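Asker: Following this line is entry23.cif, made up of mmCIF, C-alpha atoms:
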```
data_structure
#
loop_
_atom_site.group_PDB
_atom_site.id
_atom_site.type_symbol
_atom_site.label_atom_id
_atom_site.label_comp_id
_atom_site.auth_asym_id
_atom_site.auth_seq_id
_atom_site.Cartn_x
_atom_site.Cartn_y
_atom_site.Cartn_z
ATOM 1 C CA MET A 14 24.207 25.251 7.576
ATOM 2 C CA SER A 15 21.334 26.538 5.451
ATOM 3 C CA GLU A 16 17.921 27.325 6.881
ATOM 4 C CA CYS A 17 15.863 24.160 7.477
ATOM 5 C CA ASN A 18 12.908 23.649 5.135
ATOM 6 C CA HIS A 19 11.782 20.457 6.961
ATOM 7 C CA ASP A 20 12.094 18.427 3.759
ATOM 8 C CA CYS A 21 14.346 15.746 5.249
ATOM 9 C CA ALA A 22 13.958 13.341 2.334
ATOM 10 C CA ASN A 23 15.601 15.750 -0.112
ATOM 11 C CA CYS A 24 18.073 17.414 2.235
ATOM 12 C CA SER A 25 21.861 16.997 1.950
ATOM 13 C CA GLU A 26 22.661 18.536 5.351
ATOM 14 C CA ASP A 27 23.923 16.265 8.126
ATOM 15 C CA CYS A 28 21.948 17.920 10.932
ATOM 16 C CA GLY A 29 21.111 14.802 12.913
ATOM 17 C CA ALA A 30 17.398 15.117 12.171
ATOM 18 C CA PRO A 31 15.509 11.803 12.111
ATOM 19 C CA GLN A 32 15.089 10.180 8.705
ATOM 20 C CA THR A 33 12.218 8.088 7.383
ATOM 21 C CA GLU A 34 12.477 4.618 8.876
ATOM 22 C CA LYS A 35 12.288 1.416 6.840
ATOM 23 C CA THR A 36 9.476 -1.036 7.436
ATOM 24 C CA HIS A 37 10.036 -4.659 8.406
ATOM 25 C CA GLU A 38 11.472 -6.745 5.572
ATOM 26 C CA PHE A 39 8.180 -8.688 5.376
ATOM 27 C CA SER A 40 6.020 -5.565 5.189
ATOM 28 C CA ARG A 41 4.858 -4.094 1.886
ATOM 29 C CA ILE A 42 2.761 -0.996 2.511
ATOM 30 C CA LYS A 43 1.559 0.875 -0.549
ATOM 31 C CA CYS A 44 -0.108 3.962 0.946
ATOM 32 C CA VAL A 45 -0.053 5.605 4.387
ATOM 33 C CA ILE A 46 -2.694 8.129 5.443
ATOM 34 C CA ALA A 47 -2.267 9.930 8.784
ATOM 35 C CA VAL A 48 -5.452 11.088 10.523
ATOM 36 C CA VAL A 49 -4.782 14.151 12.674
ATOM 37 C CA SER A 50 -6.571 16.843 14.646
ATOM 38 C CA GLY A 51 -5.526 20.139 16.122
ATOM 39 C CA LYS A 52 -7.111 19.286 19.470
ATOM 40 C CA GLY A 53 -8.638 16.356 21.303
ATOM 41 C CA GLY A 54 -12.283 15.403 21.595
ATOM 42 C CA VAL A 55 -13.232 15.798 17.930
ATOM 43 C CA GLY A 56 -13.646 12.074 17.220
ATOM 44 C CA LYS A 57 -10.408 11.518 15.318
ATOM 45 C CA SER A 58 -10.114 7.849 16.302
ATOM 46 C CA ALA A 59 -13.728 7.177 15.324
ATOM 47 C CA VAL A 60 -13.105 8.786 11.934
ATOM 48 C CA THR A 61 -9.959 6.643 11.531
ATOM 49 C CA ALA A 62 -12.004 3.509 12.246
ATOM 50 C CA LEU A 63 -14.797 4.541 9.865
ATOM 51 C CA LEU A 64 -12.373 5.308 7.025
ATOM 52 C CA THR A 65 -10.500 2.041 7.523
ATOM 53 C CA ALA A 66 -13.653 -0.077 7.675
ATOM 54 C CA ALA A 67 -15.083 1.613 4.571
ATOM 55 C CA MET A 68 -11.867 1.156 2.595
ATOM 56 C CA SER A 69 -11.678 -2.484 3.678
ATOM 57 C CA LYS A 70 -15.243 -3.070 2.450
ATOM 58 C CA LYS A 71 -14.094 -1.989 -1.016
ATOM 59 C CA GLY A 72 -11.723 -4.947 -1.136
ATOM 60 C CA TYR A 73 -8.466 -3.318 -0.090
ATOM 61 C CA HIS A 74 -6.016 -4.822 2.401
ATOM 62 C CA CYS A 75 -6.130 -2.282 5.243
ATOM 63 C CA ALA A 76 -4.347 -1.665 8.519
ATOM 64 C CA VAL A 77 -4.399 0.760 11.439
ATOM 65 C CA LEU A 78 -1.261 1.889 13.234
ATOM 66 C CA ASP A 79 -2.606 3.373 16.465
ATOM 67 C CA ALA A 80 -0.078 6.104 17.273
ATOM 68 C CA ASP A 81 -2.243 7.555 20.050
ATOM 69 C CA ILE A 82 -0.179 5.644 22.600
ATOM 70 C CA THR A 83 -1.606 7.112 25.819
ATOM 71 C CA GLY A 84 -5.200 7.355 24.567
ATOM 72 C CA ALA A 85 -5.599 4.239 22.464
ATOM 73 C CA SER A 86 -9.213 3.425 21.599
ATOM 74 C CA VAL A 87 -9.142 1.892 18.111
ATOM 75 C CA PRO A 88 -8.951 -1.788 19.245
ATOM 76 C CA LYS A 89 -12.177 -1.463 21.241
ATOM 77 C CA MET A 90 -14.038 -0.053 18.219
ATOM 78 C CA PHE A 91 -13.030 -3.077 16.154
ATOM 79 C CA GLY A 92 -13.766 -5.552 18.951
ATOM 80 C CA VAL A 93 -10.114 -6.595 19.227
ATOM 81 C CA SER A 94 -8.591 -7.535 22.593
ATOM 82 C CA GLY A 95 -5.778 -9.655 23.979
ATOM 83 C CA GLU A 96 -2.048 -9.142 23.659
ATOM 84 C CA LEU A 97 0.137 -8.987 20.582
ATOM 85 C CA VAL A 98 2.551 -11.841 19.979
ATOM 86 C CA GLY A 99 5.873 -12.057 18.219
ATOM 87 C CA ASP A 100 8.961 -14.140 17.666
ATOM 88 C CA GLY A 101 12.569 -13.594 16.710
ATOM 89 C CA THR A 102 11.417 -12.245 13.356
ATOM 90 C CA GLY A 103 9.135 -9.488 14.563
ATOM 91 C CA ILE A 104 5.749 -8.544 16.023
ATOM 92 C CA PHE A 105 2.520 -9.855 14.505
ATOM 93 C CA PRO A 106 -0.411 -7.431 14.280
ATOM 94 C CA ALA A 107 -3.850 -8.308 15.582
ATOM 95 C CA GLU A 108 -6.542 -8.898 12.993
ATOM 96 C CA THR A 109 -10.184 -7.842 13.014
ATOM 97 C CA LYS A 110 -13.151 -9.953 11.955
ATOM 98 C CA ASP A 111 -12.972 -8.551 8.409
ATOM 99 C CA GLY A 112 -9.192 -8.857 8.134
ATOM 100 C CA VAL A 113 -8.012 -5.349 9.061
ATOM 101 C CA LYS A 114 -4.568 -5.550 10.658
ATOM 102 C CA LEU A 115 -4.124 -3.519 13.818
ATOM 103 C CA VAL A 116 -1.371 -2.562 16.247
ATOM 104 C CA SER A 117 -2.004 -0.487 19.365
ATOM 105 C CA SER A 118 -0.453 0.102 22.758
ATOM 106 C CA ASN A 119 -3.626 -1.305 24.353
ATOM 107 C CA LEU A 120 -2.716 -4.660 22.835
ATOM 108 C CA LEU A 121 0.528 -4.655 24.794
ATOM 109 C CA LEU A 122 -1.097 -4.217 28.204
ATOM 110 C CA GLU A 123 -2.216 -6.906 30.632
ATOM 111 C CA ASN A 124 -5.300 -4.797 31.329
ATOM 112 C CA GLU A 125 -6.592 -2.342 28.723
ATOM 113 C CA THR A 126 -7.404 0.204 31.447
ATOM 114 C CA ASP A 127 -3.797 0.331 32.713
ATOM 115 C CA PRO A 128 -2.413 3.845 32.129
ATOM 116 C CA ILE A 129 0.702 4.410 30.045
ATOM 117 C CA VAL A 130 2.682 7.021 31.959
ATOM 118 C CA TRP A 131 5.653 7.661 29.695
ATOM 119 C CA ARG A 132 7.592 10.679 28.550
ATOM 120 C CA GLY A 133 7.583 11.844 24.951
ATOM 121 C CA PRO A 134 10.779 10.154 23.674
ATOM 122 C CA ILE A 135 9.652 6.701 24.865
ATOM 123 C CA ILE A 136 6.224 7.152 23.287
ATOM 124 C CA ALA A 137 7.830 8.291 20.034
ATOM 125 C CA GLY A 138 10.098 5.246 20.135
ATOM 126 C CA MET A 139 7.117 2.912 20.393
ATOM 127 C CA VAL A 140 5.483 4.540 17.360
ATOM 128 C CA LYS A 141 8.667 3.907 15.378
ATOM 129 C CA GLN A 142 8.678 0.261 16.506
ATOM 130 C CA PHE A 143 5.100 -0.168 15.311
ATOM 131 C CA TRP A 144 6.378 0.869 11.883
ATOM 132 C CA THR A 145 9.727 -0.950 11.799
ATOM 133 C CA ASP A 146 9.249 -4.102 13.906
ATOM 134 C CA VAL A 147 5.712 -5.191 13.007
ATOM 135 C CA ILE A 148 5.264 -7.767 10.237
ATOM 136 C CA TRP A 149 2.420 -6.009 8.447
ATOM 137 C CA GLY A 150 2.548 -8.142 5.319
ATOM 138 C CA ASP A 151 0.830 -6.808 2.184
ATOM 139 C CA ILE A 152 -1.134 -3.630 2.888
ATOM 140 C CA ASP A 153 -2.890 -1.374 0.377
ATOM 141 C CA TYR A 154 -3.923 1.415 2.766
ATOM 142 C CA MET A 155 -2.574 2.002 6.269
ATOM 143 C CA PHE A 156 -4.311 4.599 8.431
ATOM 144 C CA VAL A 157 -2.252 6.106 11.253
ATOM 145 C CA ASP A 158 -4.339 7.384 14.170
ATOM 146 C CA CYS A 159 -2.233 10.251 15.530
ATOM 147 C CA PRO A 160 -2.726 11.837 18.954
ATOM 148 C CA PRO A 161 -4.168 15.365 18.918
ATOM 149 C CA GLY A 162 -2.015 18.455 18.567
ATOM 150 C CA THR A 163 1.298 19.179 16.909
ATOM 151 C CA GLY A 164 3.712 17.714 19.456
ATOM 152 C CA ASP A 165 6.220 14.875 19.702
ATOM 153 C CA VAL A 166 4.220 11.981 18.283
ATOM 154 C CA PRO A 167 2.717 13.668 15.201
ATOM 155 C CA LEU A 168 6.197 15.014 14.458
ATOM 156 C CA THR A 169 7.650 11.506 14.835
ATOM 157 C CA VAL A 170 4.997 10.120 12.464
ATOM 158 C CA PHE A 171 5.661 12.796 9.849
ATOM 159 C CA GLN A 172 9.441 12.443 10.025
ATOM 160 C CA SER A 173 9.835 8.687 10.581
ATOM 161 C CA ILE A 174 7.033 7.186 8.499
ATOM 162 C CA LYS A 175 6.602 7.666 4.772
ATOM 163 C CA VAL A 176 3.207 9.391 4.974
ATOM 164 C CA ASP A 177 1.497 9.881 1.621
ATOM 165 C CA GLY A 178 -1.205 12.237 2.844
ATOM 166 C CA ILE A 179 -3.036 13.655 5.840
ATOM 167 C CA VAL A 180 -6.722 13.839 6.740
ATOM 168 C CA VAL A 181 -7.619 16.543 9.267
ATOM 169 C CA VAL A 182 -10.597 15.959 11.584
ATOM 170 C CA THR A 183 -12.510 18.804 13.195
ATOM 171 C CA THR A 184 -15.910 19.847 14.518
ATOM 172 C CA PRO A 185 -17.945 22.846 13.328
ATOM 173 C CA GLN A 186 -17.081 25.354 16.063
ATOM 174 C CA GLU A 187 -15.183 28.429 14.946
ATOM 175 C CA LEU A 188 -12.673 27.922 17.788
ATOM 176 C CA VAL A 189 -11.820 24.400 16.606
ATOM 177 C CA SER A 190 -11.529 25.486 12.988
ATOM 178 C CA MET A 191 -8.872 27.968 14.082
ATOM 179 C CA ILE A 192 -6.877 25.062 15.497
ATOM 180 C CA VAL A 193 -7.342 23.165 12.224
ATOM 181 C CA GLU A 194 -5.106 25.755 10.627
ATOM 182 C CA LYS A 195 -2.315 24.741 12.997
ATOM 183 C CA ALA A 196 -2.533 21.122 11.836
ATOM 184 C CA VAL A 197 -2.667 22.150 8.173
ATOM 185 C CA ASN A 198 0.259 24.525 8.597
ATOM 186 C CA MET A 199 2.304 21.806 10.322
ATOM 187 C CA ALA A 200 1.619 19.413 7.437
ATOM 188 C CA ASN A 201 2.668 22.086 4.958
ATOM 189 C CA MET A 202 5.883 22.665 6.916
ATOM 190 C CA MET A 203 6.644 18.946 6.699
ATOM 191 C CA LYS A 204 5.884 18.928 2.950
ATOM 192 C CA ILE A 205 3.141 16.318 3.337
ATOM 193 C CA PRO A 206 -0.047 16.725 1.249
ATOM 194 C CA VAL A 207 -3.273 17.451 3.116
ATOM 195 C CA LEU A 208 -5.933 15.354 1.411
ATOM 196 C CA GLY A 209 -8.888 17.122 2.965
ATOM 197 C CA ILE A 210 -10.938 17.842 6.075
ATOM 198 C CA VAL A 211 -13.563 15.698 7.790
ATOM 199 C CA GLU A 212 -16.145 17.596 9.834
ATOM 200 C CA ASN A 213 -17.270 15.293 12.630
ATOM 201 C CA MET A 214 -20.352 15.863 14.821
ATOM 202 C CA SER A 215 -21.437 18.124 12.004
ATOM 203 C CA TYR A 216 -25.149 18.048 12.826
ATOM 204 C CA ALA A 217 -27.915 15.983 14.420
ATOM 205 C CA VAL A 218 -31.159 14.803 12.869
ATOM 206 C CA CYS A 219 -34.379 15.213 14.858
ATOM 207 C CA PRO A 220 -35.836 11.713 15.357
ATOM 208 C CA ASP A 221 -39.380 13.077 15.136
ATOM 209 C CA CYS A 222 -39.401 15.509 12.207
ATOM 210 C CA GLY A 223 -36.131 14.665 10.467
ATOM 211 C CA LYS A 224 -34.934 18.272 10.618
ATOM 212 C CA ARG A 225 -31.179 18.847 10.531
ATOM 213 C CA ILE A 226 -29.977 20.572 13.718
ATOM 214 C CA ASN A 227 -26.593 22.327 13.706
ATOM 215 C CA VAL A 228 -25.589 21.610 17.293
ATOM 216 C CA PHE A 229 -22.165 23.286 17.117
ATOM 217 C CA GLY A 230 -22.853 25.869 14.445
ATOM 218 C CA ASP A 231 -23.438 25.862 10.724
ATOM 219 C CA GLY A 232 -19.945 24.728 9.715
ATOM 220 C CA LYS A 233 -19.132 27.889 7.791
ATOM 221 C CA ALA A 234 -15.907 28.303 9.764
ATOM 222 C CA VAL A 235 -14.688 24.897 8.560
ATOM 223 C CA GLU A 236 -15.731 25.693 4.994
ATOM 224 C CA ALA A 237 -13.741 28.934 5.222
ATOM 225 C CA VAL A 238 -10.602 27.076 6.329
ATOM 226 C CA ALA A 239 -11.057 24.505 3.552
ATOM 227 C CA GLN A 240 -11.426 27.265 0.960
ATOM 228 C CA LYS A 241 -8.463 29.186 2.344
ATOM 229 C CA PHE A 242 -6.135 26.224 1.798
ATOM 230 C CA GLY A 243 -7.890 24.861 -1.280
ATOM 231 C CA LEU A 244 -8.882 21.626 0.447
ATOM 232 C CA PRO A 245 -11.942 19.437 -0.107
ATOM 233 C CA LEU A 246 -14.426 18.853 2.700
ATOM 234 C CA LEU A 247 -14.233 15.058 2.575
ATOM 235 C CA ALA A 248 -17.214 14.267 4.787
ATOM 236 C CA GLU A 249 -19.754 15.728 7.193
ATOM 237 C CA ILE A 250 -20.438 13.097 9.819
ATOM 238 C CA PRO A 251 -23.464 13.740 12.045
ATOM 239 C CA TYR A 252 -24.177 12.885 15.632
ATOM 240 C CA ASP A 253 -25.583 9.397 15.141
ATOM 241 C CA ALA A 254 -26.360 6.970 17.942
ATOM 242 C CA LYS A 255 -25.659 4.079 15.557
ATOM 243 C CA ILE A 256 -22.013 5.145 15.314
ATOM 244 C CA VAL A 257 -21.725 5.366 19.105
ATOM 245 C CA ARG A 258 -23.298 1.944 19.642
ATOM 246 C CA ALA A 259 -21.110 0.332 16.980
ATOM 247 C CA ALA A 260 -17.912 1.866 18.386
ATOM 248 C CA ASP A 261 -18.765 1.002 21.982
ATOM 249 C CA GLY A 262 -19.777 -2.525 21.015
ATOM 250 C CA GLY A 263 -16.697 -3.261 18.907
ATOM 251 C CA LYS A 264 -18.788 -3.522 15.745
ATOM 252 C CA ILE A 265 -17.548 -0.573 13.699
ATOM 253 C CA GLU A 266 -16.981 -2.906 10.719
ATOM 254 C CA GLU A 267 -20.672 -3.894 10.718
ATOM 255 C CA LEU A 268 -21.864 -0.292 10.437
ATOM 256 C CA SER A 269 -23.447 0.697 7.128
ATOM 257 C CA VAL A 270 -24.218 4.413 7.234
ATOM 258 C CA GLY A 271 -22.243 5.669 4.233
ATOM 259 C CA TYR A 272 -21.110 8.899 5.875
ATOM 260 C CA VAL A 273 -17.521 8.538 4.639
ATOM 261 C CA ASP A 274 -18.192 7.032 1.202
ATOM 262 C CA GLY A 275 -17.482 10.355 -0.504
ATOM 263 C CA ALA A 276 -14.229 10.664 1.423
ATOM 264 C CA ILE A 277 -13.164 7.178 0.330
ATOM 265 C CA ASP A 278 -13.840 8.051 -3.310
ATOM 266 C CA ILE A 279 -11.622 11.138 -3.031
ATOM 267 C CA LEU A 280 -8.843 9.236 -1.253
ATOM 268 C CA GLU A 281 -8.956 6.502 -3.891
ATOM 269 C CA SER A 282 -8.688 8.983 -6.732
ATOM 270 C CA GLY A 283 -6.035 11.109 -5.018
ATOM 271 C CA LEU A 284 -3.891 8.179 -3.884
ATOM 272 C CA PRO A 285 -4.680 5.397 -6.353
ATOM 273 C CA VAL A 286 -3.645 1.920 -5.245
ATOM 274 C CA SER A 287 -3.977 -1.200 -7.401
ATOM 275 C CA LYS A 288 -5.513 -4.313 -5.875
ATOM 276 C CA ASP A 289 -2.875 -6.665 -7.218
ATOM 277 C CA LEU A 290 -1.585 -8.182 -3.992
#
```
Output the file's structure in the form of structure tokens.
Answerer:
Amino acid sequence: MSECNHDCANCSEDCGAPQTEKTHEFSRIKCVIAVVSGKGGVGKSAVTALLTAAMSKKGYHCAVLDADITGASVPKMFGVSGELVGDGTGIFPAETKDGVKLVSSNLLLENETDPIVWRGPIIAGMVKQFWTDVIWGDIDYMFVDCPPGTGDVPLTVFQSIKVDGIVVVTTPQELVSMIVEKAVNMANMMKIPVLGIVENMSYAVCPDCGKRINVFGDGKAVEAVAQKFGLPLLAEIPYDAKIVRAADGGKIEELSVGYVDGAIDILESGLPVSKDL
């Protein structure tokens, strides 16, 4: 057997490695963007919600597959609760006020605060089911909110789902930017394009004088990583109480701050999708 290059789609070896899974027969998904981070606590789920809401506002049919099974938070940001339903055909996703389709482990629980205490293979299996068993319908852009790190679930997403590109989320600290390289290197190993980096909690604005305050540093470490890999810095999202209030109140779709508009423009141009559904 030859040395593995992790390019399962174009490999002729029968090594038993997982192959890309097919979606449900009633799902037509044009573009899948995975949102990842090298570590937790950088606001990856909030960035996923902001990107999805912004893309939806541009008239695209959007969806979120919440692959952060044990730390699901996306439904709360969109104000979605209750349990998913299904029939003999498949599982039906929940739908937000503005029509974003959403599947998350929190929508399978009787109480959203119940912990999911599962081992890796079971969690990975649920992520696959969200892709294969859910009747997504016609989707232009699906955003996959991956758990932090480079473990079982991100690997399952990269190998089982036809991911068109990856967005890496980080904060300005030099330590975190070092971990960004791990996420970028993993994506490169899996032969999946990295579309760019989003720097979250990039700065704060003084409410009195309007001065920009670099709470976690000046972001030069993130710029250095972006330059090293030839990646665009898609967005610099500040500390903003409006984002916190919208996410906590389930009103992320009502937020109009424009922090990710530049990122959406780049994603549209890099992964063009026609609105012909």
Asker: Report as a compact mmCIF listing (two decimals) with C-alpha atoms, keeping the file's coordinate frame the residues that result from applying the PyMOL selection byres ((chain A and resi 129-138) around 8) to the structure here.
Answerer:
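Saved to selection17.txt:
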```txt
# COMPACT_ATOMS: atom_id res chain seq x y z
CA ILE A 82 -0.18 5.64 22.60
CA THR A 83 -1.61 7.11 25.82
CA ASP A 127 -3.80 0.33 32.71
CA PRO A 128 -2.41 3.84 32.13
CA MET A 139 7.12 2.91 20.39
CA VAL A 140 5.48 4.54 17.36
CA LYS A 141 8.67 3.91 15.38
CA GLN A 142 8.68 0.26 16.51
CA ASP A 165 6.22 14.88 19.70
CA VAL A 166 4.22 11.98 18.28
CA THR A 169 7.65 11.51 14.84
```
Asker: Which residue out of A:Gly271, A:Gly283, A:Pro251, A:Gly164 has the minimum interatomic distance to Gly178 in chain A when only C-alpha atoms are used?
Answerer: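 Under the stated criterion, the closest residue is A:Gly283.
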Asker: Go through the shown structure with the PyMOL selection byres ((chain A and resi 50) around 8) and write out the matching residues as a tab-separated table (two decimals) with C-alpha atoms, in the frame of the given file.
Answerer:
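Saved the output as expr.tsv:
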```
chain	number	residue	atom	x	y	z
A	48	VAL	CA	-5.45	11.09	10.52
A	49	VAL	CA	-4.78	14.15	12.67
A	51	GLY	CA	-5.53	20.14	16.12
A	52	LYS	CA	-7.11	19.29	19.47
A	53	GLY	CA	-8.64	16.36	21.30
A	55	VAL	CA	-13.23	15.80	17.93
A	57	LYS	CA	-10.41	11.52	15.32
A	159	CYS	CA	-2.23	10.25	15.53
A	160	PRO	CA	-2.73	11.84	18.95
A	161	PRO	CA	-4.17	15.36	18.92
A	162	GLY	CA	-2.02	18.45	18.57
A	181	VAL	CA	-7.62	16.54	9.27
A	182	VAL	CA	-10.60	15.96	11.58
A	183	THR	CA	-12.51	18.80	13.20
A	193	VAL	CA	-7.34	23.16	12.22
A	196	ALA	CA	-2.53	21.12	11.84
```
Asker: Quote the spacing between CA of Val93 in chain A and CA of Pro106 in chain A in Å to one decimal place.
Answerer: 10.9 Å
Asker: Rank A:Val228, A:Val180, A:Val147, A:Leu122 by their smallest atom-to-atom distance to Gly103 in chain A, using all atoms listed in the file, and report the top residue only.
Answerer: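 Of A:Val228, A:Val180, A:Val147, A:Leu122, the one nearest Gly103 in chain A, counting all atoms listed in the file, is A:Val147.
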Asker: Counting only C-alpha atoms, what is within 7 Å of Cys44 in chain A, bar same-chain residues fewer than 5 positions away, as a list in words?
Answerer: Asp153, Tyr154, Met155 and Asp177 of chain A
Asker: Please write the residues from the selection above to a file, keeping C-alpha atoms, as a short mmCIF file (atom, residue, chain, number, x, y, z; two decimals), in the coordinates of the input.
Answerer:
```cif
data_model
loop_
_atom_site.label_atom_id
_atom_site.label_comp_id
_atom_site.auth_asym_id
_atom_site.auth_seq_id
_atom_site.Cartn_x
_atom_site.Cartn_y
_atom_site.Cartn_z
CA ASP A 153 -2.89 -1.37 0.38
CA TYR A 154 -3.92 1.42 2.77
CA MET A 155 -2.57 2.00 6.27
CA ASP A 177 1.50 9.88 1.62
#
```
Asker: Expand the PyMOL selection byres ((chain A and resi 72) around 12) into the explicit residue set it covers here, and present it as a PyMOL selection string.
Answerer: chain A and resi 65-71+73-75+111-113+152-154+286-290
Asker: Considering only C-alpha atoms, can you say which of A:Val116, A:Met90, A:Ala47, A:Val273 comes closest to Arg258 in chain A?
Answerer: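 Between A:Val116, A:Met90, A:Ala47, A:Val273, the residue approaching Arg258 in chain A most closely is A:Met90.
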Asker: Report the distance between CA of Asn198 in chain A and CA of Tyr216 in chain A in Å, rounded to one decimal place.
Answerer: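 Pair CA of Asn198 in chain A / CA of Tyr216 in chain A returns 26.6 Å.
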Asker: Hey, can you check how far CA of Val176 in chain A sits from CA of Ile46 in chain A?
Answerer: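 Distance reported for this atom pair: 6.1 Å.
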Asker: Which residues come within 9 Å of Gly262 in chain A, counting all atoms listed in the file, excluding same-chain residues fewer than 2 positions away, as a list in words?
Answerer: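 Listed by chain and then number, they are Lys89, Met90, Phe91, Gly92, Val257, Arg258, Ala259, Ala260, Lys264 and Ile265 of chain A.
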Asker: Using only C-alpha atoms, find the one residue out of A:Ala59, A:Leu78, A:Leu246, A:Ile174 that sits nearest to Thr33 in chain A.
Answerer: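 Among the listed residues, A:Ile174 lies closest to Thr33 in chain A.
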Asker: For Ser215 in chain A, which residue among A:Thr145, A:Val197, A:Gly95, A:Gly56 is the nearest when counting only C-alpha atoms?
Answerer: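 The shortest atom-to-atom distance to Ser215 in chain A comes from A:Gly56.
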